[in-house]
Amino acid sequence: MLETSSIIRQPFERTEKKDSTFFGGKSAIRGAAEYFSAKSFRLGQREAIEKVDEAFQSGYRYVVLSAPTGIGKSHIAMSFARQAELCHILTVQKILQDQYARDFGSEVAVMKGRSSYMCLVEKGFTCAAGPCRKKKSFQRHADCPYQVALSNAMQSRIVVHNFDSFYYQSNFSKRFFERDLLITDE
């Protein structure tokens, strides 16, 4: 069972409660639990979703869920990601990005840094060290894995980033702008 104390609310950044809108001003017609896609809820998942949902609907902009390993936080996160129109999910580990890709398939786009993709022009090199990075006039390969991933991510409703890639993409390249919801998953 999930203790109430494991849902941390940030009262200092509270939105005014003029109506029940959240996620970029959209009113939730359905609760996040209705967006849950696993075959069944694990112990504590439904309760966690309902408590986080309640916090958002009460006007809180920032909500932190602290839950034990194995409860299924990624499935909980995806319930809220589906409820939002556009969502960024941030992870610290590329292995967790891969888990999102395995578990949720084409529903999410995974965006990693250039060094995570192999260059198609210079075999044995990553896209971080490819010729298009060395020579500005170099014509990029049409199927460059990094550019394909970037294009897919920019068109996807739900993008799973690692912190470094997200920081670069949102601050320096200005490719990813604010979305309705930002989820950080350990």
# chains A, B, ... in the order shown; residues from 1 in each chain; ligands from 1

call {"tool": "select_by_dssp", "arguments": {"residues": "region 104-139 of chain A", "states": "strand (DSSP E or B)", "output": "list in words"}}
result
Ala109, Val110, Met111, Met118 and Thr126 of chain A

call {"tool": "write_last_selection", "arguments": {"atoms": "C-alpha atoms", "output": "tab-separated table (two decimals), in the first residue's frame"}}
result
chain	number	residue	atom	x	y	z
A	109	ALA	CA	9.50	8.45	-29.34
A	110	VAL	CA	12.89	8.03	-27.73
A	111	MET	CA	15.35	10.89	-28.17
A	118	MET	CA	25.80	5.09	-35.43
A	126	THR	CA	28.67	7.75	-33.99

call {"tool": "select_by_dssp", "arguments": {"residues": "chain A", "states": "alpha helix (DSSP H)", "output": "PyMOL selection string"}}
result
chain A and resi 45-57+73-83+94-104+131-134+145-155+163-171

call {"tool": "closest_residue", "arguments": {"among": "A:Gln83, A:Ala77, A:Val64, A:Asn162", "to": "Gly31 (chain A)", "atoms": "only C-alpha atoms"}}
result
A:Gln83

call {"tool": "atom_distance", "arguments": {"atom1": "CA of Glu107 (chain A)", "atom2": "CA of Ile158 (chain A)"}}
result
7.1 Å

call {"tool": "closest_residue", "arguments": {"among": "A:His161, A:Leu150, A:Ser58, A:Gly72", "to": "Ser173 (chain A)", "atoms": "only C-alpha atoms"}}
result
A:Leu150
